[in-house]
Each structure stands twice: as structure tokens, then as C-alpha cells.
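Novice: Starting off with a structure, shown below.
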Amino acid sequence: MSEKIGRTEYTNPGDLELFRKAEKENLQLGVDRLKKMMPQCGFGELGTCCVICYMGPCRIDPFDNGPKLGVCGANADVIVARNFLRAATGGASSHAGHARELALLLLEVAEGKAPGYQVRDEAKLLFVAGSLGVATDGRTANAIAGDVARKAIEDFGRQDGKPMNWIRARTSKREYDKWEKLGLIVSNPHNEIETAMHRTSMGNDSDPLNLWLATLRMGIVDNFAGLMLATDLSDILFGTPSPKVISANYAVIKDASVNVACHGHNPIMASKLVEWADKLEGEAKAAGADGINVVGVCCIGNELATRFGVPYAGHEAQAELFLATGAIDAMVVDLQCIWPSLATIAKCYKTRFITTVPFVKNPEAIHVEFHPDKADEKAKEILHHAIAGFRERKAGAVPTHIPRVSSKMLTGISVEALVSVLSAANPSDPLAPVVSAVASGDILGAVGVVGCPNPKLRYSSMTEKMAAELLRNNVLIVTTGCVNHILAQAGFLTSEATEKYAGEKLKNVLTALGKAAGLGAPLPPVLHMGSCVDNSRIYDLLAALAGKIGIEISQLPVAGSAPEFITEKAISIGSFFLAVGILVHVAPPPRVFGSPFAVGLLTETLPGVNGGKVLVETDPEKAAAGIIAHIRAKRQALGLAQA
């Protein structure tokens, strides 16, 4: 792989322009650091390196005549299972922390302690309240919101052993009973995280099966205490996404504007910057700018695009390149996926790099601690830094280079928005057209393509090529996370993409639905459902379809794919969808191949228990072929037409 990884293999023309600029300026980027790491540690890639205690590190060689046991006696199966569970726990804690912050904000809004925020979607509030059993008749939105927030916070302190409120409220009886039988129902996410860290510390759980069961439980934590909770509360506070066409790619940066790149995940801070960008337009113009241009990077890009129509800048691995344009006046970050290199690169271009979260700091950054009770004050402070950066840029301190590479995309496809579009075709039964198209084979199946841009696989255009192959075979795609940026920049999220990429049967369905909805064009073949926490929307959609048909989600002709995953969050999300019982394709290979037990469990045993299965494949065409074969097998089991 090392000879393939470099600056010149990337297919986005804007990336190539900025790689050349960075090379001339002797700027080291992520792909350069990756190349210097090659070959990476084989024991680490197999998952058989243990650093939990200080008798180690211990490295187990599953192939040759090397050590088979660590100093404590742990074998490869135990070490791999412990490492994987710890990774899933890291991911679940990230999502749960994100969600808990939103729950606390909703309570502050309800109690009048966060005057800069409000309930923006009362319909979503009433839906969530109704599912939780919160009284709504004759009550104000803030009173209802307070009880919803308390229901969320209650789960984080629950010690009675009862199932989480969100599990009881948002799971069908069929799925709940299956998880209860498998021992996957959880009560308090914090207790589950604590127990996972305890059981994997030195001298505790050494049963690989028990450890893998805990990983599936962590997946349940991730979805219901993290993904779904965060999505529900974000919709209530910032509005449920609705369809809108927006601009993407490097050309969203405007040389004559104060450019503010928001990077991270939680919309609490970024939404305020969008609001105050308009309010401070006069100050920006006084500085010689034509306004303040807020753009979104990484998952905050998804959040701002779907809710506010903010231009969609780039994915996680492009954050360094956006700084290399020299035209970003401030990069403002909150949490998750913030590379330490960014502050150093920002300094090279005199960009204000601003951190806002107490536990996400960088010694090279300006730190403006953001709190909801002072949201307006802090937003103004941050934007004043950006305006100062613009003045310095226009004084000639930094030359700029903005690639004129532009894309369009349709975004904001929440479940509610999708149902609204489908209602145009069948008002009395919105899901009927989809069910009918799947039954006939016009839609062969569906795949959730999610996750990150991994520098190890970007050189191969892994995501784009796999998506094209799936669409050619009439497989509908829904997306969340940074792969949205990849596919948007490559032109997959438009009506034109339906003509270019979709198989004839899928094209006919999307054209008919687009016409019925009054769009005057087909629906895109790739539906943008939001940020990485919005994977819960994919679950909600699958649950609705399975419920209508009267089957388990695991029986649907669907799959999930993280074709370039990077983070622990992807591990916890994948663990949830394994618990649901669907095929999960991943690349690069997860760190489990040093354990024969893990490989057998994930590819042979688990499918017979609940339907869940892992497919590992780094070749895009082979990955698509494996997914399609799985979809065809599910169709055959349901007696559906084989297209």
C-alpha cells in the first residue's frame, strides 16, 4: 500500500491543486505523515497488541511460532475482544456525550436559562414526547420540552436496572423482544461504559464471547443514548432537516468575504455563528468584506447544510487543504475529528484557529470557551476574531489560492422529509411505493453508506467506485457522515446522477417519485440523511419498512457500509447495526484478524443467531459484489423477485 499512498492519487481536482500548492510550500499533510508510517504495525492491525497493563506491551503472533499468550495469560481471542470493546466504548462515549450536552441545553431552554435558543420544531417535540409518554395537552412547548429533557437526563443517572427511556419509546416489540432474549437491553449508558472499561482492565473478563456480547450492548448504547437521542433533540432545537439544494466543494470559499469554517459535530455553537454572521454583516463590510461566509467542514457541515442550507465545504481529511487555500480567516472547532495538525497549519497561513470546548484544546489555538447561557456573546467574540483575520489577509500577509471546483447537492432528507416526498405519490400510504418497488425488484435493495474519508483508501476512490457499482445494480443508497462530502463533490447527490449512475429500474422509480413530488426531475440516487449521529434516521427508516411488511429488520434486503472508516465512532455504530442483524461492510480491515474466534463469530456464528454479519473488502467492485450477493440472498429468503 505504501507505494500507492501519496498526494497525486486523489481524484478531486481541488485536492490536487492544493496538494501541489502545499508541496511547493513544504507543508506536511496527513497523506505525507501516513506514508512515513508505512509499513504500519502488523500486530496492531491484527488487534493482538495489548497495552492495558505495564507487564506489557504484549504482542501475540497468531501465525508463526511466536508468543501465544500475554504475560497475564491472555490469548489472542481475549486481547482482540478487549481491544475492540474498548474502541466501541470510545465511540459510544463520544456520541453519548454529544447527546447529553443537547439534553442539558434543552432543559436550559425549557427553564429560560439559555435565551439564545428555542424550540424550533414543535411537531418533532410532540412526537418525541408522545413516544415517551409525556403529557402534551394544554401545555406550552417549553413545559413539554422540560419533561422530555428530564426523561433523557434520567437515563444517564438511572440505577433501577430498567431499560432506557429511549429504547422503550423508539423500538418495536419485535426488535425489543429479540434484544431482550440476546441480553442486549441496557439501562444506564454511563454504567455500561463504566462496566466495559472495568471488565477490560487487567485481570477481569477473559471470556471472548462475553466480551463480544458487551460490544453489541455498547452498540445499543451508541444508538439510543447517542445517535437517536442527539438527532431527536437537535431536530427539536434546530429544526428537522428539509430538502434544499446547496453548493459544495472548494468554490464555496469566497475571496472577498470573511470566511469562517466550522468543523466538528455538535450544532450548538455553529448554529449561533450562522445566526450572528448575518447580524455582523455591517462590521464585516466596514472591514472591506462583502459579508461573512460560514461554511461547514466534517459533520458540522452536514448539520449546517441539512438544517440551514449553509454551503458544504469538505470532509475531515480536507480540513488541512481548506486551510492551505490561505483564504480561511477562522477555523472554529468544537469536538471530534479535530486533527492536532490543524492548529499548526492554520498558523502557517495566519488563520485564527479557535477551539470552543473545554476538553478539546490545542496549545497553538485561540480558546473561546462556548457556553449556551452566553451563546450570543461568545459567537460575536469568535466572529470578531474572524473579521480581524480578514483584515490581515487583505493587507497582503497571505497569498490565497481557491480551487474553482464546485458541486451541487440535494440535502435534508430526514425520514420526515422522505415520507413527505413519498406522500405525493401515495398520500394514504407513503411507504407503499417503496415497498412495491422493492418487492418487484425495481429497487433491488438499499445500502447505508456512512463514515469517513480514510487516507489509506482515498487514493482508490473507494467510496465513489463502490457507490457507482451499487447504483448500476439498482441499489438505492442513503448516506450520513463525511462520505456525503465525498459523494457530493463527485456529483452523486443530484438528479443528474440518477441519469448517469442508476440502473434503468432504479432510474424509473426515482423519476416517477420526483415527478409525483413536483420536483421536475428525478430524486437523486444517493439520499443525504445527515451527519454521523443521523445514522439513527437510517434505523428509523428500516424499522418503519420492516414494521409495514411485518418482518424483522434483519430480514430486509439491506446492508450497511463504512467504506473508509477511521474512528472509534464507526466501530460503535457498526456494532449497533450488527445488533440489529444486518450485514456491515467495512474497510480498511478492522483489528480482529488476529483472533480466529472473532473472525468466526462475525462471519459465521452471529449470522445464525440474529442475522448480523461483517464483510471486509477494500476493493470497491468486490465490496459492491459482496453486498449485492447478500441483498439477493435476503430477497430469495423473502420470496421476492430476483431482478
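Convention: chains lettered A, B, ... in C-alpha cells order; per-chain residue numbering from 1; ligands numbered from 1 as shown.
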Skipping near chain neighbours, those fewer than 3 positions away, what residues fall within 12 Å of Ser341 in chain A using only C-alpha atoms, listed as a compact mmCIF listing (two decimals) with N, CA, C and O atoms, in the first residue's frame?
Specialist:
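What follows is the written file around15.txt:
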```
# COMPACT_ATOMS: atom_id res chain seq x y z
N LEU A 27 4.67 22.08 2.99
CA LEU A 27 3.70 21.85 4.06
C LEU A 27 3.40 20.36 4.15
O LEU A 27 2.98 19.74 3.17
N GLN A 28 3.61 19.78 5.32
CA GLN A 28 3.34 18.35 5.51
C GLN A 28 1.88 18.14 5.86
O GLN A 28 1.34 18.75 6.78
N LEU A 29 1.23 17.24 5.11
CA LEU A 29 -0.18 16.94 5.30
C LEU A 29 -0.36 15.51 5.80
O LEU A 29 0.60 14.75 5.90
N GLY A 30 -1.62 15.15 6.04
CA GLY A 30 -1.91 13.82 6.58
C GLY A 30 -1.40 12.70 5.70
O GLY A 30 -0.88 11.69 6.20
N ARG A 33 2.26 12.22 6.31
CA ARG A 33 2.55 11.56 7.59
C ARG A 33 2.21 10.08 7.52
O ARG A 33 2.90 9.24 8.11
N ALA A 317 -10.71 14.81 6.06
CA ALA A 317 -9.36 14.76 5.53
C ALA A 317 -9.03 15.97 4.66
O ALA A 317 -7.88 16.17 4.28
N ALA A 319 -9.80 19.10 5.70
CA ALA A 319 -9.71 20.28 6.58
C ALA A 319 -8.35 20.96 6.44
O ALA A 319 -8.25 22.19 6.41
N GLU A 320 -7.27 20.16 6.35
CA GLU A 320 -5.95 20.74 6.17
C GLU A 320 -5.86 21.50 4.84
O GLU A 320 -5.25 22.57 4.76
N LEU A 321 -6.47 20.94 3.80
CA LEU A 321 -6.41 21.57 2.48
C LEU A 321 -7.19 22.88 2.44
O LEU A 321 -6.78 23.83 1.75
N LEU A 323 -7.44 24.94 4.86
CA LEU A 323 -6.53 25.92 5.47
C LEU A 323 -5.44 26.33 4.48
O LEU A 323 -5.04 27.50 4.44
N CYS A 337 -12.93 14.51 15.69
CA CYS A 337 -12.31 14.56 14.36
C CYS A 337 -11.48 15.80 14.12
O CYS A 337 -11.23 16.18 12.98
N ILE A 338 -11.05 16.47 15.18
CA ILE A 338 -10.23 17.67 15.06
C ILE A 338 -8.76 17.25 15.09
O ILE A 338 -8.21 16.97 16.16
N THR A 344 -1.44 23.94 13.77
CA THR A 344 -0.11 24.27 13.25
C THR A 344 -0.19 24.79 11.83
O THR A 344 0.46 25.78 11.46
N ILE A 345 -1.00 24.12 10.99
CA ILE A 345 -1.16 24.56 9.60
C ILE A 345 -1.84 25.93 9.55
O ILE A 345 -1.48 26.80 8.76
N ALA A 346 -2.84 26.13 10.40
CA ALA A 346 -3.53 27.42 10.44
C ALA A 346 -2.54 28.55 10.74
O ALA A 346 -2.61 29.64 10.15
N LYS A 347 -1.61 28.27 11.62
CA LYS A 347 -0.62 29.29 11.99
C LYS A 347 0.23 29.68 10.79
O LYS A 347 0.61 30.85 10.63
N CYS A 348 0.51 28.71 9.91
CA CYS A 348 1.31 28.99 8.71
C CYS A 348 0.62 30.02 7.82
O CYS A 348 1.29 30.79 7.12
N PHE A 353 -7.27 29.87 14.48
CA PHE A 353 -7.79 28.54 14.81
C PHE A 353 -8.36 28.62 16.21
O PHE A 353 -7.63 28.87 17.18
N ASN A 362 -5.82 23.04 22.08
CA ASN A 362 -4.58 22.89 21.34
C ASN A 362 -3.69 24.06 21.74
O ASN A 362 -4.16 25.21 21.77
N PRO A 363 -2.42 23.82 22.06
CA PRO A 363 -1.57 24.92 22.54
C PRO A 363 -1.35 26.02 21.51
O PRO A 363 -0.98 27.14 21.88
N GLU A 364 -1.59 25.72 20.23
CA GLU A 364 -1.41 26.73 19.18
C GLU A 364 -2.70 27.52 18.90
O GLU A 364 -2.72 28.42 18.05
N ALA A 365 -3.80 27.18 19.58
CA ALA A 365 -5.12 27.73 19.26
C ALA A 365 -5.50 28.90 20.16
O ALA A 365 -4.97 29.08 21.26
```
Novice: Name the residues of range 29-247 of chain A that come out as helix (DSSP H, G or I) in a backbone DSSP run; write them as a ChimeraX atom specification.
Specialist: /A:30-37,42-46,76-110,122-132,141-157,165-170,173-182,189-199,208-238
Novice: Measure the distance from CA of Lys465 in chain A to CA of Glu621 in chain A in Å and round it to one decimal.
Specialist: 7.0 Å
Novice: Could you make a table, as a Markdown table, of the residues of range 460-507 of chain A that have an atom within 6 Å of an atom of range 440-445 of chain A, each with its nearest atom pair and distance in Å to one decimal, counting only C-alpha atoms, in chain and number order?
Specialist:
```
| residue | atom | partner | partner_atom | distance |
| --- | --- | --- | --- | --- |
| A:Asn474 | CA | A:Leu444 | CA | 5.5 |
| A:Val475 | CA | A:Gly445 | CA | 5.0 |
| A:Lys505 | CA | A:Asp442 | CA | 4.7 |
| A:Leu506 | CA | A:Ile443 | CA | 5.5 |
```
Novice: Report, in Å with one decimal, the straight-line distance from CA of Ile477 in chain A to CA of Asn508 in chain A.
Specialist: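 Computing it gives 15.4 Å between the two atoms.
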Novice: Give me the residues near range 252-264 of chain A as a VMD selection string, where near means some atom within 7 Å (using only C-alpha atoms) and where sequence neighbours in that chain fewer than 6 positions away do not count.
Specialist: chain A and resid 270 284 289 to 300 311 313 327 to 338 386 to 387 390
Novice: Tell me, as a short mmCIF file (atom, residue, chain, number, x, y, z; two decimals) with N, CA, C and O atoms, in the first residue's frame, which residues lie within 7 Å of range 201-215 of chain A, counting only C-alpha atoms; anything in the same chain fewer than 2 positions away does not count.
Specialist:
```cif
data_model
loop_
_atom_site.label_atom_id
_atom_site.label_comp_id
_atom_site.auth_asym_id
_atom_site.auth_seq_id
_atom_site.Cartn_x
_atom_site.Cartn_y
_atom_site.Cartn_z
N ILE A 52 -2.77 -2.77 27.96
CA ILE A 52 -3.66 -2.45 29.07
C ILE A 52 -2.91 -2.38 30.39
O ILE A 52 -3.22 -1.54 31.25
N CYS A 53 -1.91 -3.24 30.60
CA CYS A 53 -1.16 -3.17 31.85
C CYS A 53 0.31 -2.95 31.56
O CYS A 53 0.75 -3.00 30.41
N ASP A 77 -7.58 -14.25 21.27
CA ASP A 77 -9.03 -14.05 21.25
C ASP A 77 -9.46 -13.05 22.32
O ASP A 77 -10.33 -12.20 22.09
N VAL A 78 -8.86 -13.15 23.50
CA VAL A 78 -9.20 -12.24 24.60
C VAL A 78 -8.69 -10.84 24.30
O VAL A 78 -9.40 -9.84 24.47
N ALA A 81 -10.76 -9.14 21.55
CA ALA A 81 -12.10 -8.79 22.03
C ALA A 81 -12.05 -7.60 22.98
O ALA A 81 -12.91 -6.70 22.91
N ARG A 82 -11.06 -7.58 23.88
CA ARG A 82 -10.95 -6.44 24.80
C ARG A 82 -10.66 -5.15 24.04
O ARG A 82 -11.26 -4.11 24.30
N LEU A 85 -13.82 -3.98 22.14
CA LEU A 85 -14.82 -3.44 23.05
C LEU A 85 -14.41 -2.05 23.52
O LEU A 85 -15.25 -1.14 23.61
N ALA A 88 -15.23 0.36 20.75
CA ALA A 88 -16.67 0.62 20.69
C ALA A 88 -17.11 1.53 21.84
O ALA A 88 -17.98 2.39 21.68
N MET A 197 -15.19 -0.52 30.57
CA MET A 197 -13.81 -0.17 30.89
C MET A 197 -13.28 -1.02 32.05
O MET A 197 -12.11 -1.42 32.07
N HIS A 198 -14.15 -1.32 33.01
CA HIS A 198 -13.74 -2.13 34.15
C HIS A 198 -13.45 -3.57 33.72
O HIS A 198 -12.39 -4.12 34.03
N ARG A 199 -14.36 -4.15 32.95
CA ARG A 199 -14.22 -5.56 32.58
C ARG A 199 -13.01 -5.79 31.67
O ARG A 199 -12.48 -6.91 31.60
N ARG A 217 -23.87 -4.79 23.13
CA ARG A 217 -24.59 -3.93 24.07
C ARG A 217 -24.13 -2.48 23.94
O ARG A 217 -24.93 -1.55 24.02
N MET A 218 -22.83 -2.31 23.69
CA MET A 218 -22.31 -0.95 23.52
C MET A 218 -22.89 -0.33 22.25
O MET A 218 -23.10 0.88 22.18
N GLY A 219 -23.16 -1.16 21.26
CA GLY A 219 -23.83 -0.66 20.07
C GLY A 219 -25.22 -0.14 20.38
O GLY A 219 -25.66 0.89 19.83
N SER A 575 -21.33 -1.71 15.47
CA SER A 575 -21.76 -2.69 16.48
C SER A 575 -23.26 -2.65 16.67
O SER A 575 -23.90 -3.69 16.89
#
```
Novice: Skip range 150-163 of chain A itself and residues of its chain fewer than 4 positions away, then list as an MDAnalysis selection string all residues within 9 Å of it, counting only C-alpha atoms.
Specialist: chainID A and resid 99:100 103:104 107 132 134 145:146 167:168 185:191 225 229
Novice: Residues at most 6 Å from range 13-16 of chain A, counting only C-alpha atoms, excluding those fewer than 3 positions away in the same chain, as a PyMOL selection string?
Specialist: chain A and resi 19+403+405
Novice: Pull the strand (DSSP E or B) assignments for range 585-629 of chain A out of DSSP run on the backbone, and list those residues as a count of residues only.
Specialist: 6
Novice: Extract, using only C-alpha atoms, all DNA, RNA and protein residues at most 7 Å from Val586 in chain A, discarding same-chain residues fewer than 4 positions from it, and format them as a PyMOL selection string.
Specialist: chain A and resi 561-563+615-617
Novice: Which is closer to Val31 in chain A than all the others in A:Gln318, A:Ser595, A:Ser461, A:Thr479, using only C-alpha atoms?
Specialist: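 Using only C-alpha atoms, Val31 in chain A sits closest to A:Gln318.
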Novice: Which of these residues is nearest to Ser414 in chain A, using only C-alpha atoms: A:Leu527, A:Ala437, A:Ala432, A:Leu487?
Specialist: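 Residue with the minimum atom-to-atom distance to Ser414 in chain A: A:Leu527.
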Novice: For the contact check between range 116-218 of chain A and range 538-560 of chain A, emit one row per residue of range 116-218 of chain A within 12 Å, containing the shortest atom pair and the distance in Å rounded to one decimal, counting only C-alpha atoms, chain then rising number order, as JSON lines.
Specialist:
```
{"residue": "A:Arg170", "atom": "CA", "partner": "A:Asp540", "partner_atom": "CA", "distance": 8.5}
{"residue": "A:Thr171", "atom": "CA", "partner": "A:Ala543", "partner_atom": "CA", "distance": 8.2}
{"residue": "A:Ser172", "atom": "CA", "partner": "A:Ala543", "partner_atom": "CA", "distance": 7.7}
{"residue": "A:Lys173", "atom": "CA", "partner": "A:Gly547", "partner_atom": "CA", "distance": 10.0}
{"residue": "A:Arg174", "atom": "CA", "partner": "A:Glu552", "partner_atom": "CA", "distance": 6.9}
{"residue": "A:Glu175", "atom": "CA", "partner": "A:Glu552", "partner_atom": "CA", "distance": 6.9}
{"residue": "A:Tyr176", "atom": "CA", "partner": "A:Glu552", "partner_atom": "CA", "distance": 10.6}
{"residue": "A:Asp177", "atom": "CA", "partner": "A:Glu552", "partner_atom": "CA", "distance": 10.9}
{"residue": "A:Lys178", "atom": "CA", "partner": "A:Glu552", "partner_atom": "CA", "distance": 9.3}
{"residue": "A:Trp179", "atom": "CA", "partner": "A:Glu552", "partner_atom": "CA", "distance": 11.7}
```
Novice: What is the CA of Tyr312 in chain A to CA of Met529 in chain A distance in Å?
Specialist: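 Spanning CA of Tyr312 in chain A to CA of Met529 in chain A is a straight-line distance of 14.0 Å.
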Novice: Of the candidates A:Thr567, A:Thr498, A:Asn473, A:Thr240, which shows the shortest atom-to-atom distance to Ala417 in chain A, using only C-alpha atoms?
Specialist: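 Ranking A:Thr567, A:Thr498, A:Asn473, A:Thr240 by distance to Ala417 in chain A, first place goes to A:Thr240.
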